[in-house]
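Okay, structure first, notes after.
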Amino acid sequence: MSNLFSMRDLSTKEIHEILHTAESFAKGEIWTPAKQTFAVNLFFEPSTRTKTSFEMAERKLGMEVIPFETGTSSILKGETLEDTLKTLESMGVDLAVIRHKQDAYYESLAGKFQMKIVNGGDGCGQHPTQSLLDLLTIKQEFGKFEGLKVTIVGDLSHSRVARSNTEALTALGSEVFYSGPPEWFEGDPENAQNYVDIDEAIGFSDVLMLLRIQHERHNTMMDLTVEQYHERYGLTPEREKRMKPESIIMHPGPVNRGVEIAGSLVESCKSRIFKQMENGVYARMAVIKHILEK
Ligand code: CP
């Protein structure tokens with residue numbers, strides 16, 4: 001892979017290779033690029049986990065991280081993303097990580113740069129490195145993907161995490177189910193048979209993957225109060241007790257405690273939420289290594 005825009009860019013063989021490399025980094029393997037290598041992280045939407053873990057990954061790999069703040073860049077003077085990237089490339093930047101609110105912003109960039117580009121999340125489109133860190137977490141837990149039942153719960157229609165994970169998990173042999181307000185599921189009839197009530201999902205799921213309500217992408221206010229949403233669609237302590245003994249809780253973050261998940265469950269025995277964040281560094285180190293070696 002010369003860029004990573006979408007999980008569709010990766011074959012299952014490449015996914016397994018990246019996960020293997022990420023596991024090696026988790027065990028302490030050290031790898032650095034053969035020459036001095038410069039990275040820049042361009043985040044046009046807010047981020048804590050993705051931006052910080054990419055920077056951690058780049059620094060752990062011995063790369064030079066060039067600070068770039070979108071709020072003080074010449075993008076504000078009308079410069080396009082493409083011209084901004086051409087500028088950075090001409091100065092010698094080797095790797096750009098981009099988060100952008102526009103779905104599939106990367107399509108207009110493909111084939112135009114020697115510099116490597118990694119998508120750090122595009123609108124409601126894709127979040128490939130989140131998917132890879134989620135896969136790493138699932139692999140560490142179960143040692144396989146085949147036959148696992150993964151239910152993604154919440155704001156499905158706005159979720160790039162749901163989209164990337166659906167593609168990857170299905171390709172790897174897991175069965176993906178969906179739960180949450182039905183109006184956030186409509187429009188995806190291909191998977192209609194896999195839409196289930198949360199009370200059904202908790203009984204059979206190996207992985208319960210909860211999603212934040214992305215109010216910033218909604219045009220209308222939700223009819224339900226936070227409390228009503230939590231009772232109807234959220235993971236409550238009572239529901240958690242009915243989950244399968246070996247099952248786990250995942251969430252890409254940021255978490256809204258008391259909405260999609262009870263606050264007391266974020267650090268519970270079944271929760272792998274902070275493990276996912278740790279794994280984000282290893283998964284991103286692995287992606288960067290694979291991309292730079294091409
Ligand atoms: N999971 C995730 O993408 O979190 P951030 O928005 O904080 O990067």
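To be explicit about the labels: the chains of the structure tokens are called A, B, and onward in the order shown, and within each one the residues are counted from 1, while ligands get numbers from 1 in the order they are shown.
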Could you name the residues that touch A:Asp94 at 12 Å or less, counting only C-alpha atoms, but leaving out those on the same chain fewer than 6 positions away, as a PDB file with C-alpha atoms, in the first residue's frame?
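Full text of out.pdb as output:
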```pdb
ATOM      1  CA  SER A   2       1.349   3.427  -0.881  1.00  0.00           C
ATOM      2  CA  ASN A   3      -1.442   5.314   0.928  1.00  0.00           C
ATOM      3  CA  PRO A  33      13.116   4.234   8.945  1.00  0.00           C
ATOM      4  CA  LYS A  35      16.707   7.701   6.602  1.00  0.00           C
ATOM      5  CA  GLN A  36      15.522  10.846   8.380  1.00  0.00           C
ATOM      6  CA  THR A  37      11.734  10.930   7.832  1.00  0.00           C
ATOM      7  CA  PHE A  38       9.312  13.802   8.372  1.00  0.00           C
ATOM      8  CA  ALA A  39       5.644  13.505   9.321  1.00  0.00           C
ATOM      9  CA  VAL A  40       2.897  16.093   9.564  1.00  0.00           C
ATOM     10  CA  ASN A  41      -0.546  15.584  11.092  1.00  0.00           C
ATOM     11  CA  GLU A  58       5.788   8.701  14.710  1.00  0.00           C
ATOM     12  CA  MET A  63      10.481  10.279  12.916  1.00  0.00           C
ATOM     13  CA  GLU A  64      10.587  14.080  12.908  1.00  0.00           C
ATOM     14  CA  VAL A  65       7.085  15.431  13.607  1.00  0.00           C
ATOM     15  CA  ILE A  66       6.449  18.837  12.066  1.00  0.00           C
ATOM     16  CA  LEU A  85      -0.024  19.111   0.720  1.00  0.00           C
ATOM     17  CA  LYS A  86       2.036  20.114  -2.356  1.00  0.00           C
ATOM     18  CA  THR A  87       3.664  22.785  -0.213  1.00  0.00           C
ATOM     19  CA  LEU A  88       4.513  20.327   2.557  1.00  0.00           C
ATOM     20  CA  PHE A 113       1.824  12.773  -4.402  1.00  0.00           C
ATOM     21  CA  GLN A 114       5.091  10.939  -3.773  1.00  0.00           C
ATOM     22  CA  MET A 115       4.483  11.673  -0.103  1.00  0.00           C
ATOM     23  CA  LYS A 116       2.514   8.940   1.723  1.00  0.00           C
ATOM     24  CA  ILE A 117      -0.961   9.855   2.958  1.00  0.00           C
ATOM     25  CA  VAL A 118      -2.952   8.161   5.747  1.00  0.00           C
ATOM     26  CA  ILE A 288       3.492   3.746   9.108  1.00  0.00           C
ATOM     27  CA  ILE A 291       3.553   2.363   4.153  1.00  0.00           C
ATOM     28  CA  LEU A 292       7.132   3.657   4.360  1.00  0.00           C
ATOM     29  CA  GLU A 293       8.575   0.315   3.272  1.00  0.00           C
TER      30      GLU A 293
END
```
Original post:
Once you count only C-alpha atoms and all ligand atoms, which residues end up within 9 Å of ligand 1, and could you hand them over as a VMD selection string?
Top reply: chain A and resid 45 to 53 99 120 to 121 127 129 to 130 161 251 to 254 277
Go ahead and write the selection's residues with C-alpha atoms as a tab-separated table (two decimals), in the first residue's frame.
```tsv
chain	number	residue	atom	x	y	z
A	45	GLU	CA	-11.77	18.08	12.89
A	46	PRO	CA	-11.24	17.72	16.64
A	47	SER	CA	-9.30	14.68	17.85
A	48	THR	CA	-7.63	13.48	21.02
A	49	ARG	CA	-6.87	9.79	20.40
A	50	THR	CA	-6.05	9.69	16.70
A	51	LYS	CA	-3.88	12.82	16.58
A	52	THR	CA	-1.98	12.05	19.77
A	53	SER	CA	-1.45	8.37	19.00
A	99	ARG	CA	-8.57	14.09	9.29
A	120	GLY	CA	-7.19	9.79	10.04
A	121	GLY	CA	-10.97	9.86	9.49
A	127	HIS	CA	-11.51	5.49	9.78
A	129	THR	CA	-6.53	3.07	11.57
A	130	GLN	CA	-9.34	2.95	14.16
A	161	VAL	CA	-15.89	3.48	12.59
A	251	HIS	CA	-15.85	1.96	22.16
A	252	PRO	CA	-13.69	4.04	19.81
A	253	GLY	CA	-14.03	7.10	22.06
A	254	PRO	CA	-14.67	9.78	22.94
A	277	MET	CA	-6.34	3.48	23.02
```
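If you count only C-alpha atoms and ignore residues fewer than 3 places along the chain from A:Pro237, what sits within 9 Å of it is Glu240, Lys241, Ile261, Ala262, Ser264 and Leu265 of chain A.
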Now that the selection is made, can you save its residues with C-alpha atoms as a PDB file, in the first residue's frame?
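Result written to out12.pdb:
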```
ATOM      1  CA  GLU A 240     -23.963  -5.711  31.157  1.00  0.00           C
ATOM      2  CA  LYS A 241     -24.791  -8.465  33.683  1.00  0.00           C
ATOM      3  CA  ILE A 261     -22.689   3.425  28.152  1.00  0.00           C
ATOM      4  CA  ALA A 262     -23.144   3.720  31.898  1.00  0.00           C
ATOM      5  CA  SER A 264     -19.452   2.773  35.790  1.00  0.00           C
ATOM      6  CA  LEU A 265     -18.893   0.340  32.885  1.00  0.00           C
TER       7      LEU A 265
END
```
**OP:** List every residue of stretch 13-240 of chain A that DSSP, applied to the backbone of this structure, assigns to strand (DSSP E), and report them as a PyMOL selection string.
**Re:** chain A and resi 38-43+64-66+95-100+116-122+149-153+175-179+207-210
**OP:** Fewer than 4 positions away in the same chain doesn't count, so skip those; otherwise give me all residues within 12 Å of A:Lys244, counting only C-alpha atoms, as a PyMOL selection string.
**Re:** chain A and resi 149+200-208+239-240+248-249+270
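When only C-alpha atoms are used to measure the gap to A:Phe44, the shortest distance among A:Phe68, A:Phe177, A:Phe185, A:Tyr282 belongs to A:Phe68.
When only C-alpha atoms are used to compute distances to A:His218, the closest of the residues A:Gln276, A:Gly173, A:Ser157, A:Ile98 turns out to be A:Ser157.
Rounded to one decimal, atom CA of A:Glu278 and atom CA of A:Thr21 lie 15.0 Å from each other.
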Original post:
Can you tell me how far atom CA of A:Asp103 sits from atom CA of A:Asp155, in Å to one decimal?
Top reply: 16.5 Å
